[in-house]
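One file, entry.cif, is given below (mmCIF, C-alpha atoms).
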data_structure
#
loop_
_atom_site.group_PDB
_atom_site.id
_atom_site.type_symbol
_atom_site.label_atom_id
_atom_site.label_comp_id
_atom_site.auth_asym_id
_atom_site.auth_seq_id
_atom_site.Cartn_x
_atom_site.Cartn_y
_atom_site.Cartn_z
ATOM 1 C CA MET T 167 113.592 145.166 86.802
ATOM 2 C CA ASN T 168 116.931 146.357 88.112
ATOM 3 C CA SER T 169 118.622 149.534 87.072
ATOM 4 C CA LEU T 170 121.190 148.883 84.414
ATOM 5 C CA SER T 171 124.082 151.189 83.769
ATOM 6 C CA LEU T 172 126.066 151.502 80.566
ATOM 7 C CA PRO T 173 129.026 149.289 81.579
ATOM 8 C CA ASP T 174 126.597 146.436 82.370
ATOM 9 C CA MET T 175 125.342 146.415 78.830
ATOM 10 C CA ALA T 176 126.422 143.348 76.857
ATOM 11 C CA GLN T 177 129.644 143.214 78.853
ATOM 12 C CA ALA T 178 130.991 145.669 76.320
ATOM 13 C CA PRO T 179 133.611 148.031 77.591
ATOM 14 C CA ALA T 180 132.062 151.465 77.968
ATOM 15 C CA ASP T 181 133.381 154.064 75.590
ATOM 16 C CA THR T 182 134.813 156.256 78.277
ATOM 17 C CA SER T 183 134.998 159.528 76.333
ATOM 18 C CA ARG T 184 131.401 159.177 75.102
ATOM 19 C CA HIS T 185 130.358 158.051 78.540
ATOM 20 C CA HIS T 186 131.953 161.035 80.226
ATOM 21 C CA ARG T 187 130.452 163.366 77.626
ATOM 22 C CA LEU T 188 126.990 161.956 78.326
ATOM 23 C CA ILE T 189 127.405 162.478 82.065
ATOM 24 C CA ARG T 190 128.835 165.978 81.612
ATOM 25 C CA LEU T 191 126.157 167.084 79.122
ATOM 26 C CA SER T 192 123.339 165.583 81.168
ATOM 27 C CA GLY T 193 124.612 167.264 84.317
ATOM 28 C CA PHE T 194 124.631 170.611 82.544
ATOM 29 C CA ALA T 195 121.216 170.010 80.938
ATOM 30 C CA SER T 196 119.736 169.031 84.304
ATOM 31 C CA TRP T 197 121.076 172.193 85.889
ATOM 32 C CA ALA T 198 119.824 174.295 82.929
ATOM 33 C CA SER T 199 116.342 172.729 83.125
ATOM 34 C CA PHE T 200 115.960 173.444 86.838
ATOM 35 C CA ALA T 201 117.392 176.966 86.380
ATOM 36 C CA SER T 202 114.968 177.676 83.511
ATOM 37 C CA ALA T 203 112.020 176.439 85.586
ATOM 38 C CA THR T 204 113.096 178.655 88.486
ATOM 39 C CA LEU T 205 113.526 181.674 86.191
ATOM 40 C CA ILE T 206 110.055 181.196 84.723
ATOM 41 C CA VAL T 207 108.519 180.869 88.206
ATOM 42 C CA VAL T 208 110.324 184.035 89.399
ATOM 43 C CA ALA T 209 109.329 185.989 86.266
ATOM 44 C CA THR T 210 105.711 184.845 86.637
ATOM 45 C CA ALA T 211 105.701 185.785 90.323
ATOM 46 C CA CYS T 212 107.019 189.248 89.383
ATOM 47 C CA VAL T 213 104.208 189.660 86.819
ATOM 48 C CA TRP T 214 101.641 188.940 89.545
ATOM 49 C CA LEU T 215 103.328 190.814 92.395
ATOM 50 C CA ILE T 216 104.438 194.030 90.660
ATOM 51 C CA ASP T 217 101.541 196.434 90.432
ATOM 52 C CA GLY T 218 100.319 196.828 86.828
ATOM 53 C CA ALA T 219 102.809 194.333 85.412
ATOM 54 C CA LEU T 220 100.128 191.736 84.677
ATOM 55 C CA ALA T 221 97.961 194.270 82.802
ATOM 56 C CA ASP T 222 100.994 195.513 80.823
ATOM 57 C CA TRP T 223 102.077 191.981 79.940
ATOM 58 C CA LEU T 224 98.607 190.942 78.806
ATOM 59 C CA ALA T 225 98.068 194.194 76.894
ATOM 60 C CA LYS T 226 101.367 193.652 75.025
ATOM 61 C CA SER T 227 100.468 190.099 74.103
ATOM 62 C CA VAL T 228 97.004 190.974 72.780
ATOM 63 C CA ASP T 229 96.278 193.386 69.923
ATOM 64 C CA GLY T 230 92.963 195.181 69.567
ATOM 65 C CA ILE T 231 92.233 196.177 73.167
ATOM 66 C CA LEU T 232 90.139 199.358 72.920
ATOM 67 C CA VAL T 233 88.867 199.474 76.512
ATOM 68 C CA THR T 234 90.912 198.220 79.440
ATOM 69 C CA PRO T 235 89.063 195.223 80.914
ATOM 70 C CA SER T 236 87.964 195.113 84.561
ATOM 71 C CA PRO T 237 90.465 193.862 87.191
ATOM 72 C CA MET T 238 88.425 190.671 87.494
ATOM 73 C CA MET T 239 88.722 190.025 83.746
ATOM 74 C CA LEU T 240 92.425 190.860 83.907
ATOM 75 C CA GLY T 241 92.847 188.373 86.749
ATOM 76 C CA ALA T 242 90.903 185.732 84.838
ATOM 77 C CA ALA T 243 92.961 186.321 81.686
ATOM 78 C CA GLY T 244 96.153 186.163 83.771
ATOM 79 C CA ALA T 245 95.083 182.893 85.377
ATOM 80 C CA VAL T 246 94.247 181.372 81.989
ATOM 81 C CA ALA T 247 97.577 182.557 80.560
ATOM 82 C CA MET T 248 99.358 180.804 83.449
ATOM 83 C CA ALA T 249 98.073 177.324 82.499
ATOM 84 C CA PRO T 250 100.552 176.630 79.659
ATOM 85 C CA ILE T 251 103.328 178.247 81.704
ATOM 86 C CA ALA T 252 102.586 175.911 84.638
ATOM 87 C CA LEU T 253 102.701 172.928 82.274
ATOM 88 C CA LEU T 254 105.974 174.186 80.813
ATOM 89 C CA VAL T 255 107.490 174.514 84.296
ATOM 90 C CA ALA T 256 106.304 170.997 85.173
ATOM 91 C CA MET T 257 107.879 169.733 81.922
ATOM 92 C CA LEU T 258 111.188 171.464 82.679
ATOM 93 C CA ILE T 259 111.275 169.970 86.187
ATOM 94 C CA GLU T 260 110.516 166.520 84.797
ATOM 95 C CA LEU T 261 113.228 167.049 82.163
ATOM 96 C CA GLY T 262 115.646 168.092 84.917
ATOM 97 C CA TRP T 263 115.024 164.826 86.804
ATOM 98 C CA LEU T 264 115.414 162.854 83.577
ATOM 99 C CA PHE T 265 118.790 164.463 82.843
ATOM 100 C CA ARG T 266 119.793 163.888 86.453
ATOM 101 C CA LEU T 267 119.190 160.157 85.944
ATOM 102 C CA PHE T 268 121.424 160.229 82.843
ATOM 103 C CA ALA T 269 124.050 162.198 84.744
ATOM 104 C CA ALA T 270 123.991 159.488 87.439
ATOM 105 C CA ASN T 271 124.725 156.942 84.661
ATOM 106 C CA LYS T 272 121.259 155.400 84.975
ATOM 107 C CA VAL T 273 120.633 155.313 81.230
ATOM 108 C CA PHE T 274 118.696 152.060 81.285
ATOM 109 C CA ASP T 275 116.811 152.746 84.490
ATOM 110 C CA PRO T 276 113.100 151.770 84.443
ATOM 111 C CA ALA T 277 112.327 155.349 85.486
ATOM 112 C CA VAL T 278 113.723 156.726 82.186
ATOM 113 C CA PRO T 279 110.848 155.685 79.857
ATOM 114 C CA ARG T 280 108.359 156.749 82.533
ATOM 115 C CA ARG T 281 109.910 160.209 82.805
ATOM 116 C CA LEU T 282 110.322 160.478 79.019
ATOM 117 C CA GLY T 283 106.626 159.734 78.622
ATOM 118 C CA ARG T 284 105.720 162.384 81.193
ATOM 119 C CA VAL T 285 107.950 164.944 79.440
ATOM 120 C CA GLY T 286 106.194 164.094 76.179
ATOM 121 C CA TRP T 287 102.729 164.499 77.624
ATOM 122 C CA LEU T 288 103.668 167.754 79.372
ATOM 123 C CA ALA T 289 105.294 169.199 76.229
ATOM 124 C CA PHE T 290 102.273 168.202 74.184
ATOM 125 C CA SER T 291 99.818 169.583 76.777
ATOM 126 C CA SER T 292 101.758 172.808 77.179
ATOM 127 C CA CYS T 293 101.691 173.491 73.421
ATOM 128 C CA ALA T 294 98.044 172.495 73.069
ATOM 129 C CA ALA T 295 97.161 174.644 76.086
ATOM 130 C CA THR T 296 99.058 177.594 74.569
ATOM 131 C CA VAL T 297 96.802 177.508 71.490
ATOM 132 C CA VAL T 298 93.579 177.218 73.531
ATOM 133 C CA CYS T 299 94.572 179.654 76.284
ATOM 134 C CA LYS T 300 95.712 182.309 73.793
ATOM 135 C CA THR T 301 92.228 182.268 72.271
ATOM 136 C CA VAL T 302 90.587 182.573 75.709
ATOM 137 C CA VAL T 303 92.968 185.354 76.822
ATOM 138 C CA ILE T 304 92.246 187.403 73.675
ATOM 139 C CA LEU T 305 88.516 186.890 74.223
ATOM 140 C CA LEU T 306 88.738 187.978 77.873
ATOM 141 C CA MET T 307 91.012 190.937 77.168
ATOM 142 C CA THR T 308 88.699 192.287 74.450
ATOM 143 C CA SER T 309 85.510 191.558 76.426
ATOM 144 C CA ALA T 310 85.266 195.211 77.531
ATOM 145 C CA ASN T 311 85.513 196.464 73.945
ATOM 146 C CA PRO T 312 82.365 198.033 72.505
ATOM 147 C CA PRO T 313 79.990 195.718 70.633
ATOM 148 C CA GLY T 314 81.422 194.651 67.293
ATOM 149 C CA HIS T 315 85.001 194.891 68.547
ATOM 150 C CA HIS T 316 85.223 191.675 70.521
ATOM 151 C CA ILE T 317 87.920 189.480 69.033
ATOM 152 C CA LEU T 318 87.908 185.712 68.704
ATOM 153 C CA SER T 319 91.238 184.582 67.360
ATOM 154 C CA ILE T 320 92.302 180.973 66.926
ATOM 155 C CA GLY T 321 95.844 180.566 65.712
ATOM 156 C CA VAL T 322 98.380 177.788 65.523
ATOM 157 C CA ASP T 323 101.901 179.003 64.904
ATOM 158 C CA SER T 324 104.896 176.980 63.762
ATOM 159 C CA GLN T 325 106.360 177.041 67.283
ATOM 160 C CA ALA T 326 103.239 175.391 68.721
ATOM 161 C CA LEU T 327 103.300 172.779 65.971
ATOM 162 C CA ALA T 328 106.978 172.112 66.614
ATOM 163 C CA GLY T 329 106.219 171.762 70.336
ATOM 164 C CA LEU T 330 103.416 169.304 69.637
ATOM 165 C CA MET T 331 105.697 167.236 67.419
ATOM 166 C CA PHE T 332 108.425 167.264 70.078
ATOM 167 C CA GLY T 333 105.819 166.045 72.558
ATOM 168 C CA PHE T 334 104.972 163.157 70.235
ATOM 169 C CA LEU T 335 108.668 162.484 69.723
ATOM 170 C CA PHE T 336 109.258 162.157 73.475
ATOM 171 C CA LEU T 337 106.249 159.861 73.774
ATOM 172 C CA VAL T 338 107.572 157.629 71.004
ATOM 173 C CA PHE T 339 111.059 157.718 72.553
ATOM 174 C CA SER T 340 109.589 156.520 75.836
ATOM 175 C CA LEU T 341 108.134 153.483 74.021
ATOM 176 C CA VAL T 342 111.447 152.883 72.227
ATOM 177 C CA MET T 343 113.211 153.132 75.582
ATOM 178 C CA GLN T 344 110.870 150.497 77.041
ATOM 179 C CA GLU T 345 111.841 148.196 74.165
ATOM 180 C CA ALA T 346 115.514 148.955 74.813
ATOM 181 C CA LEU T 347 115.067 148.118 78.504
ATOM 182 C CA GLY T 348 113.568 144.767 77.553
ATOM 183 C CA LEU T 349 116.501 144.053 75.221
ATOM 184 C CA ALA T 350 119.000 145.137 77.866
ATOM 185 C CA GLU T 351 117.382 142.823 80.401
ATOM 186 C CA GLU T 352 117.513 139.944 77.912
ATOM 187 C CA ASN T 353 121.092 140.760 77.016
ATOM 188 C CA ARG T 354 122.020 140.656 80.684
ATOM 189 C CA SER T 355 120.856 137.050 80.976
ATOM 190 C CA PHE T 356 123.545 136.053 78.458
ATOM 191 C CA VAL T 357 127.070 135.432 79.711
ATOM 192 C CA MET A 254 116.411 122.625 80.931
ATOM 193 C CA ALA A 255 117.492 120.161 78.233
ATOM 194 C CA ILE A 256 120.982 121.665 78.057
ATOM 195 C CA VAL A 257 123.176 120.689 80.990
ATOM 196 C CA VAL A 258 126.318 122.650 81.797
ATOM 197 C CA ASN A 259 129.173 120.405 82.876
ATOM 198 C CA LEU A 260 131.575 123.189 83.648
ATOM 199 C CA ASP A 261 131.977 122.007 87.244
ATOM 200 C CA VAL A 262 133.161 118.615 86.031
ATOM 201 C CA VAL A 263 135.674 120.064 83.581
ATOM 202 C CA LEU A 264 136.916 122.511 86.224
ATOM 203 C CA ALA A 265 137.422 119.643 88.659
ATOM 204 C CA GLN A 266 139.270 117.616 85.984
ATOM 205 C CA ARG A 267 141.563 120.556 85.292
ATOM 206 C CA LYS A 268 141.900 121.259 89.059
ATOM 207 C CA MET A 269 141.006 124.855 88.450
ATOM 208 C CA ARG A 270 138.978 127.149 90.684
ATOM 209 C CA SER A 271 135.968 129.073 89.414
ATOM 210 C CA LYS A 272 137.580 132.290 90.559
ATOM 211 C CA ASP A 273 140.625 131.698 88.346
ATOM 212 C CA LEU A 274 138.503 130.768 85.345
ATOM 213 C CA ALA A 275 136.333 133.862 85.791
ATOM 214 C CA ALA A 276 139.443 136.008 85.886
ATOM 215 C CA ALA A 277 140.938 134.265 82.866
ATOM 216 C CA ILE A 278 137.896 134.663 80.644
ATOM 217 C CA GLY A 279 136.964 138.112 81.884
ATOM 218 C CA ILE A 280 133.529 137.573 83.414
ATOM 219 C CA THR A 281 132.399 138.016 86.992
ATOM 220 C CA GLU A 282 132.333 135.123 89.443
ATOM 221 C CA ALA A 283 128.608 135.721 89.855
ATOM 222 C CA ASN A 284 128.035 135.257 86.117
ATOM 223 C CA LEU A 285 130.228 132.156 86.053
ATOM 224 C CA SER A 286 128.263 130.742 88.972
ATOM 225 C CA LEU A 287 125.014 131.383 87.070
ATOM 226 C CA LEU A 288 126.496 129.659 84.029
ATOM 227 C CA LYS A 289 127.589 126.635 86.085
ATOM 228 C CA SER A 290 124.136 126.269 87.561
ATOM 229 C CA GLY A 291 122.538 126.641 84.124
ATOM 230 C CA LYS A 292 120.564 129.675 85.220
ATOM 231 C CA VAL A 293 121.425 131.733 82.148
ATOM 232 C CA ARG A 294 119.423 132.094 78.973
ATOM 233 C CA GLY A 295 122.433 131.757 76.724
ATOM 234 C CA VAL A 296 126.202 131.701 76.340
ATOM 235 C CA ARG A 297 128.015 133.915 73.869
ATOM 236 C CA PHE A 298 130.318 132.140 71.425
ATOM 237 C CA GLU A 299 132.997 134.547 72.589
ATOM 238 C CA THR A 300 132.639 133.377 76.212
ATOM 239 C CA LEU A 301 132.454 129.739 75.138
ATOM 240 C CA ALA A 302 135.602 130.117 73.034
ATOM 241 C CA LYS A 303 137.484 131.662 75.949
ATOM 242 C CA ILE A 304 136.364 128.879 78.312
ATOM 243 C CA CYS A 305 137.478 126.232 75.796
ATOM 244 C CA GLU A 306 140.784 128.000 75.314
ATOM 245 C CA VAL A 307 141.515 128.283 79.042
ATOM 246 C CA LEU A 308 140.294 124.778 79.929
ATOM 247 C CA ASP A 309 141.704 123.253 76.739
ATOM 248 C CA CYS A 310 138.465 121.464 75.909
ATOM 249 C CA GLN A 311 135.656 121.371 73.360
ATOM 250 C CA PRO A 312 132.221 123.000 73.703
ATOM 251 C CA GLY A 313 130.756 119.492 73.874
ATOM 252 C CA ASP A 314 132.734 118.835 77.055
ATOM 253 C CA ILE A 315 130.990 121.738 78.727
ATOM 254 C CA LEU A 316 127.512 121.569 77.235
ATOM 255 C CA GLU A 317 125.414 118.455 77.021
ATOM 256 C CA TYR A 318 121.928 117.844 75.665
ATOM 257 C CA ARG A 319 119.695 115.591 77.758
ATOM 258 C CA GLN A 320 116.244 114.529 76.696
ATOM 259 C CA GLU A 321 113.804 115.868 79.256
ATOM 260 C CA ALA A 322 111.601 113.220 80.823
ATOM 261 C CA GLU A 323 107.922 113.500 79.865
ATOM 262 C CA GLY A 324 105.817 115.393 82.359
ATOM 263 C CA ASN A 325 108.780 117.546 83.480
#
In structure tokens, write the structure found in this file.
Amino acid sequence: MNSLSLPDMAQAPADTSRHHRLIRLSGFASWASFASATLIVVATACVWLIDGALADWLAKSVDGILVTPSPMMLGAAGAVAMAPIALLVAMLIELGWLFRLFAANKVFDPAVPRRLGRVGWLAFSSCAATVVCKTVVILLMTSANPPGHHILSIGVDSQALAGLMFGFLFLVFSLVMQEALGLAEENRSFV
Amino acid sequence: MAIVVNLDVVLAQRKMRSKDLAAAIGITEANLSLLKSGKVRGVRFETLAKICEVLDCQPGDILEYRQEAEGN
């Protein structure tokens, strides 16, 4: 299936102001997505590279630490905490490429539903991983606590739920987009 | 296909080039060529009306239904 740009659609004249706004907004969103991903990677690298930063960060995110866990446990907790962040970075990069397609006026490109689907899965996975990893991090960080003070906490906050729903939304949008591509292709065979 | 496009015939009768018709009705030469060869899935009424207006003809002059032979 060929890439189809907005002006090809139904031989309808493209609404130039809306068209330009789409390109401008997508260009900015693409740039913002890549910048956010870079910022997160830099911040994460700082947490790992600056001495004591990882322990401070984990200690702040977990309540109830009575005894500082061993460096190995800290490292393990840090590694677990990185999983949702890695998924988030992957989602932002995927989102950046998706916006770049829109900015290049490839709205009805076959790559759009594919990328939308990937964004959906990554957003969903990142939020699901946040819930699971938070539980594991709390468990690891309180593992050195005296008996009776180990904490097992399972929590789903509204942000995680919203993230999960956004993941689903992107997945559904990718299916809708596939339908739209089919319609666009059919529309193109009419003169 | 059972529908035959006789646009070539009407164009020849009117002594008009495809290029001029494409320009007059506002579609690309490539699309007009596809239409002439019957390789399109459909024609919009809007396009058909413009063709009829420019060529001063009726839709029936351009489109014709032919019974397909059995086995085809």
### Task
Quick one: pull the distance between CA of Asn271 (chain T) and CA of His186 (chain T), Å, one decimal.
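CA of His186 (chain T) lies at a distance of 9.4 Å from CA of Asn271 (chain T).
Note that CA of Gly283 (chain T) and CA of Val297 (chain T) are 21.5 Å apart.
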### Message
Applying the PyMOL selection byres ((chain A) within 10 of (chain T)) to the file I just gave you, which residues come out? Please list them as a VMD selection string.
### Response
chain A and resid 279 to 281 284 to 285 287 to 288 292 to 301
### Task
Given the file shown, enumerate the residues that the PyMOL selection byres ((chain T and resi 223-240) around 9) captures and present them as number ranges by chain.
T: 213, 218-222, 241-245, 247, 300, 303-304, 306-312, 315-317
Draw an axis-aligned box tight on the listed atoms of region 276-286 of chain A, then pad every side by 3 Å and write out centre and edge lengths in Å to one decimal as JSON.
{"center_x": 134.5, "center_y": 134.4, "center_z": 85.2, "size_x": 18.9, "size_y": 13.4, "size_z": 15.2}
### Task
For the structure shown, which residues end up in the PyMOL selection byres ((chain T and resi 210) around 12)? Put them as a PyMOL selection string, please?
chain T and resi 203-209+211-216+219-220+223+244-245+247-252+255
### Query
Of the candidates T:Arg184, T:Arg190, T:Lys272, T:Arg284, which one gets nearest to Leu258 (chain T) if we count only C-alpha atoms?
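Ranked by minimum distance to Leu258 (chain T), first place goes to T:Arg284.
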### Atomic separation - CA of Thr182 (chain T) relative to CA of Lys272 (chain A), Å
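These atoms are spaced 27.1 Å apart.
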### Task
Can you pull out every residue within 12 Å of region 261-271 of chain A, counting all atoms listed in the file, but drop anything in the same chain fewer than 4 positions away, and send it as JSON, numbers by chain?
{"A": [257, 275, 276, 277, 278, 279, 280, 281, 282, 283, 284, 285, 286, 287, 288, 289, 290, 291, 304, 305, 307, 308, 309, 310, 311, 312, 313, 314, 315, 316, 317]}
Selection to disk with C-alpha atoms, as a JSON list (two decimals), in the frame of the given file:
[["chain", "number", "residue", "atom", "x", "y", "z"],
["A", 257, "VAL", "CA", 123.18, 120.69, 80.99],
["A", 275, "ALA", "CA", 136.33, 133.86, 85.79],
["A", 276, "ALA", "CA", 139.44, 136.01, 85.89],
["A", 277, "ALA", "CA", 140.94, 134.26, 82.87],
["A", 278, "ILE", "CA", 137.90, 134.66, 80.64],
["A", 279, "GLY", "CA", 136.96, 138.11, 81.88],
["A", 280, "ILE", "CA", 133.53, 137.57, 83.41],
["A", 281, "THR", "CA", 132.40, 138.02, 86.99],
["A", 282, "GLU", "CA", 132.33, 135.12, 89.44],
["A", 283, "ALA", "CA", 128.61, 135.72, 89.86],
["A", 284, "ASN", "CA", 128.04, 135.26, 86.12],
["A", 285, "LEU", "CA", 130.23, 132.16, 86.05],
["A", 286, "SER", "CA", 128.26, 130.74, 88.97],
["A", 287, "LEU", "CA", 125.01, 131.38, 87.07],
["A", 288, "LEU", "CA", 126.50, 129.66, 84.03],
["A", 289, "LYS", "CA", 127.59, 126.64, 86.08],
["A", 290, "SER", "CA", 124.14, 126.27, 87.56],
["A", 291, "GLY", "CA", 122.54, 126.64, 84.12],
["A", 304, "ILE", "CA", 136.36, 128.88, 78.31],
["A", 305, "CYS", "CA", 137.48, 126.23, 75.80],
["A", 307, "VAL", "CA", 141.51, 128.28, 79.04],
["A", 308, "LEU", "CA", 140.29, 124.78, 79.93],
["A", 309, "ASP", "CA", 141.70, 123.25, 76.74],
["A", 310, "CYS", "CA", 138.46, 121.46, 75.91],
["A", 311, "GLN", "CA", 135.66, 121.37, 73.36],
["A", 312, "PRO", "CA", 132.22, 123.00, 73.70],
["A", 313, "GLY", "CA", 130.76, 119.49, 73.87],
["A", 314, "ASP", "CA", 132.73, 118.84, 77.06],
["A", 315, "ILE", "CA", 130.99, 121.74, 78.73],
["A", 316, "LEU", "CA", 127.51, 121.57, 77.24],
["A", 317, "GLU", "CA", 125.41, 118.46, 77.02]]
Have region 259-268 of chain A completed to all heavy atoms, please, and pass it along as a PDB file, in the coordinates of the input.
ATOM      1  N   ASN A 259     128.246 121.251  82.114  1.00  0.00           N
ATOM      2  CA  ASN A 259     129.173 120.405  82.876  1.00  0.00           C
ATOM      3  C   ASN A 259     130.476 121.131  83.207  1.00  0.00           C
ATOM      4  O   ASN A 259     131.530 120.500  83.315  1.00  0.00           O
ATOM      5  CB  ASN A 259     129.481 119.129  82.079  1.00  0.00           C
ATOM      6  CG  ASN A 259     128.278 118.224  81.961  1.00  0.00           C
ATOM      7  OD1 ASN A 259     127.505 118.082  82.909  1.00  0.00           O
ATOM      8  ND2 ASN A 259     128.087 117.634  80.798  1.00  0.00           N
ATOM      9  N   LEU A 260     130.372 122.394  83.383  1.00  0.00           N
ATOM     10  CA  LEU A 260     131.575 123.189  83.648  1.00  0.00           C
ATOM     11  C   LEU A 260     132.251 122.773  84.948  1.00  0.00           C
ATOM     12  O   LEU A 260     133.483 122.743  85.034  1.00  0.00           O
ATOM     13  CB  LEU A 260     131.182 124.674  83.677  1.00  0.00           C
ATOM     14  CG  LEU A 260     132.306 125.692  83.602  1.00  0.00           C
ATOM     15  CD1 LEU A 260     133.168 125.492  82.375  1.00  0.00           C
ATOM     16  CD2 LEU A 260     131.729 127.103  83.583  1.00  0.00           C
ATOM     17  N   ASP A 261     131.437 122.447  85.950  1.00  0.00           N
ATOM     18  CA  ASP A 261     131.977 122.007  87.244  1.00  0.00           C
ATOM     19  C   ASP A 261     132.896 120.782  87.080  1.00  0.00           C
ATOM     20  O   ASP A 261     133.974 120.738  87.664  1.00  0.00           O
ATOM     21  CB  ASP A 261     130.826 121.621  88.171  1.00  0.00           C
ATOM     22  CG  ASP A 261     130.464 122.754  89.106  1.00  0.00           C
ATOM     23  OD1 ASP A 261     131.330 123.623  89.302  1.00  0.00           O
ATOM     24  OD2 ASP A 261     129.327 122.772  89.604  1.00  0.00           O
ATOM     25  N   VAL A 262     132.417 119.859  86.251  1.00  0.00           N
ATOM     26  CA  VAL A 262     133.161 118.615  86.031  1.00  0.00           C
ATOM     27  C   VAL A 262     134.503 118.915  85.361  1.00  0.00           C
ATOM     28  O   VAL A 262     135.555 118.446  85.812  1.00  0.00           O
ATOM     29  CB  VAL A 262     132.327 117.642  85.143  1.00  0.00           C
ATOM     30  CG1 VAL A 262     133.092 116.369  84.849  1.00  0.00           C
ATOM     31  CG2 VAL A 262     130.988 117.348  85.806  1.00  0.00           C
ATOM     32  N   VAL A 263     134.436 119.738  84.318  1.00  0.00           N
ATOM     33  CA  VAL A 263     135.674 120.064  83.581  1.00  0.00           C
ATOM     34  C   VAL A 263     136.634 120.854  84.486  1.00  0.00           C
ATOM     35  O   VAL A 263     137.847 120.615  84.465  1.00  0.00           O
ATOM     36  CB  VAL A 263     135.349 120.861  82.292  1.00  0.00           C
ATOM     37  CG1 VAL A 263     136.616 121.154  81.496  1.00  0.00           C
ATOM     38  CG2 VAL A 263     134.357 120.106  81.436  1.00  0.00           C
ATOM     39  N   LEU A 264     136.071 121.744  85.294  1.00  0.00           N
ATOM     40  CA  LEU A 264     136.916 122.511  86.224  1.00  0.00           C
ATOM     41  C   LEU A 264     137.618 121.579  87.219  1.00  0.00           C
ATOM     42  O   LEU A 264     138.802 121.729  87.504  1.00  0.00           O
ATOM     43  CB  LEU A 264     136.064 123.531  86.985  1.00  0.00           C
ATOM     44  CG  LEU A 264     135.837 124.887  86.328  1.00  0.00           C
ATOM     45  CD1 LEU A 264     134.781 125.680  87.073  1.00  0.00           C
ATOM     46  CD2 LEU A 264     137.126 125.690  86.260  1.00  0.00           C
ATOM     47  N   ALA A 265     136.847 120.602  87.704  1.00  0.00           N
ATOM     48  CA  ALA A 265     137.422 119.643  88.659  1.00  0.00           C
ATOM     49  C   ALA A 265     138.513 118.811  87.984  1.00  0.00           C
ATOM     50  O   ALA A 265     139.564 118.569  88.573  1.00  0.00           O
ATOM     51  CB  ALA A 265     136.320 118.740  89.207  1.00  0.00           C
ATOM     52  N   GLN A 266     138.265 118.408  86.724  1.00  0.00           N
ATOM     53  CA  GLN A 266     139.270 117.616  85.984  1.00  0.00           C
ATOM     54  C   GLN A 266     140.545 118.413  85.783  1.00  0.00           C
ATOM     55  O   GLN A 266     141.644 117.882  85.834  1.00  0.00           O
ATOM     56  CB  GLN A 266     138.704 117.196  84.631  1.00  0.00           C
ATOM     57  CG  GLN A 266     137.679 116.081  84.722  1.00  0.00           C
ATOM     58  CD  GLN A 266     136.943 115.857  83.416  1.00  0.00           C
ATOM     59  OE1 GLN A 266     137.071 116.640  82.476  1.00  0.00           O
ATOM     60  NE2 GLN A 266     136.143 114.809  83.368  1.00  0.00           N
ATOM     61  N   ARG A 267     140.383 119.694  85.537  1.00  0.00           N
ATOM     62  CA  ARG A 267     141.563 120.556  85.292  1.00  0.00           C
ATOM     63  C   ARG A 267     142.153 121.099  86.597  1.00  0.00           C
ATOM     64  O   ARG A 267     143.114 121.856  86.578  1.00  0.00           O
ATOM     65  CB  ARG A 267     141.173 121.751  84.405  1.00  0.00           C
ATOM     66  CG  ARG A 267     140.559 121.395  83.066  1.00  0.00           C
ATOM     67  CD  ARG A 267     141.577 120.777  82.101  1.00  0.00           C
ATOM     68  NE  ARG A 267     141.033 120.590  80.774  1.00  0.00           N
ATOM     69  CZ  ARG A 267     140.315 119.533  80.381  1.00  0.00           C
ATOM     70  NH1 ARG A 267     140.036 118.575  81.243  1.00  0.00           N
ATOM     71  NH2 ARG A 267     139.869 119.430  79.140  1.00  0.00           N
ATOM     72  N   LYS A 268     141.477 120.780  87.732  1.00  0.00           N
ATOM     73  CA  LYS A 268     141.900 121.259  89.059  1.00  0.00           C
ATOM     74  C   LYS A 268     142.027 122.788  89.072  1.00  0.00           C
ATOM     75  O   LYS A 268     143.017 123.367  89.522  1.00  0.00           O
ATOM     76  CB  LYS A 268     143.215 120.611  89.480  1.00  0.00           C
ATOM     77  CG  LYS A 268     143.097 119.127  89.737  1.00  0.00           C
ATOM     78  CD  LYS A 268     144.410 118.565  90.276  1.00  0.00           C
ATOM     79  CE  LYS A 268     144.300 117.114  90.644  1.00  0.00           C
ATOM     80  NZ  LYS A 268     143.964 116.204  89.559  1.00  0.00           N
TER      81      LYS A 268
END
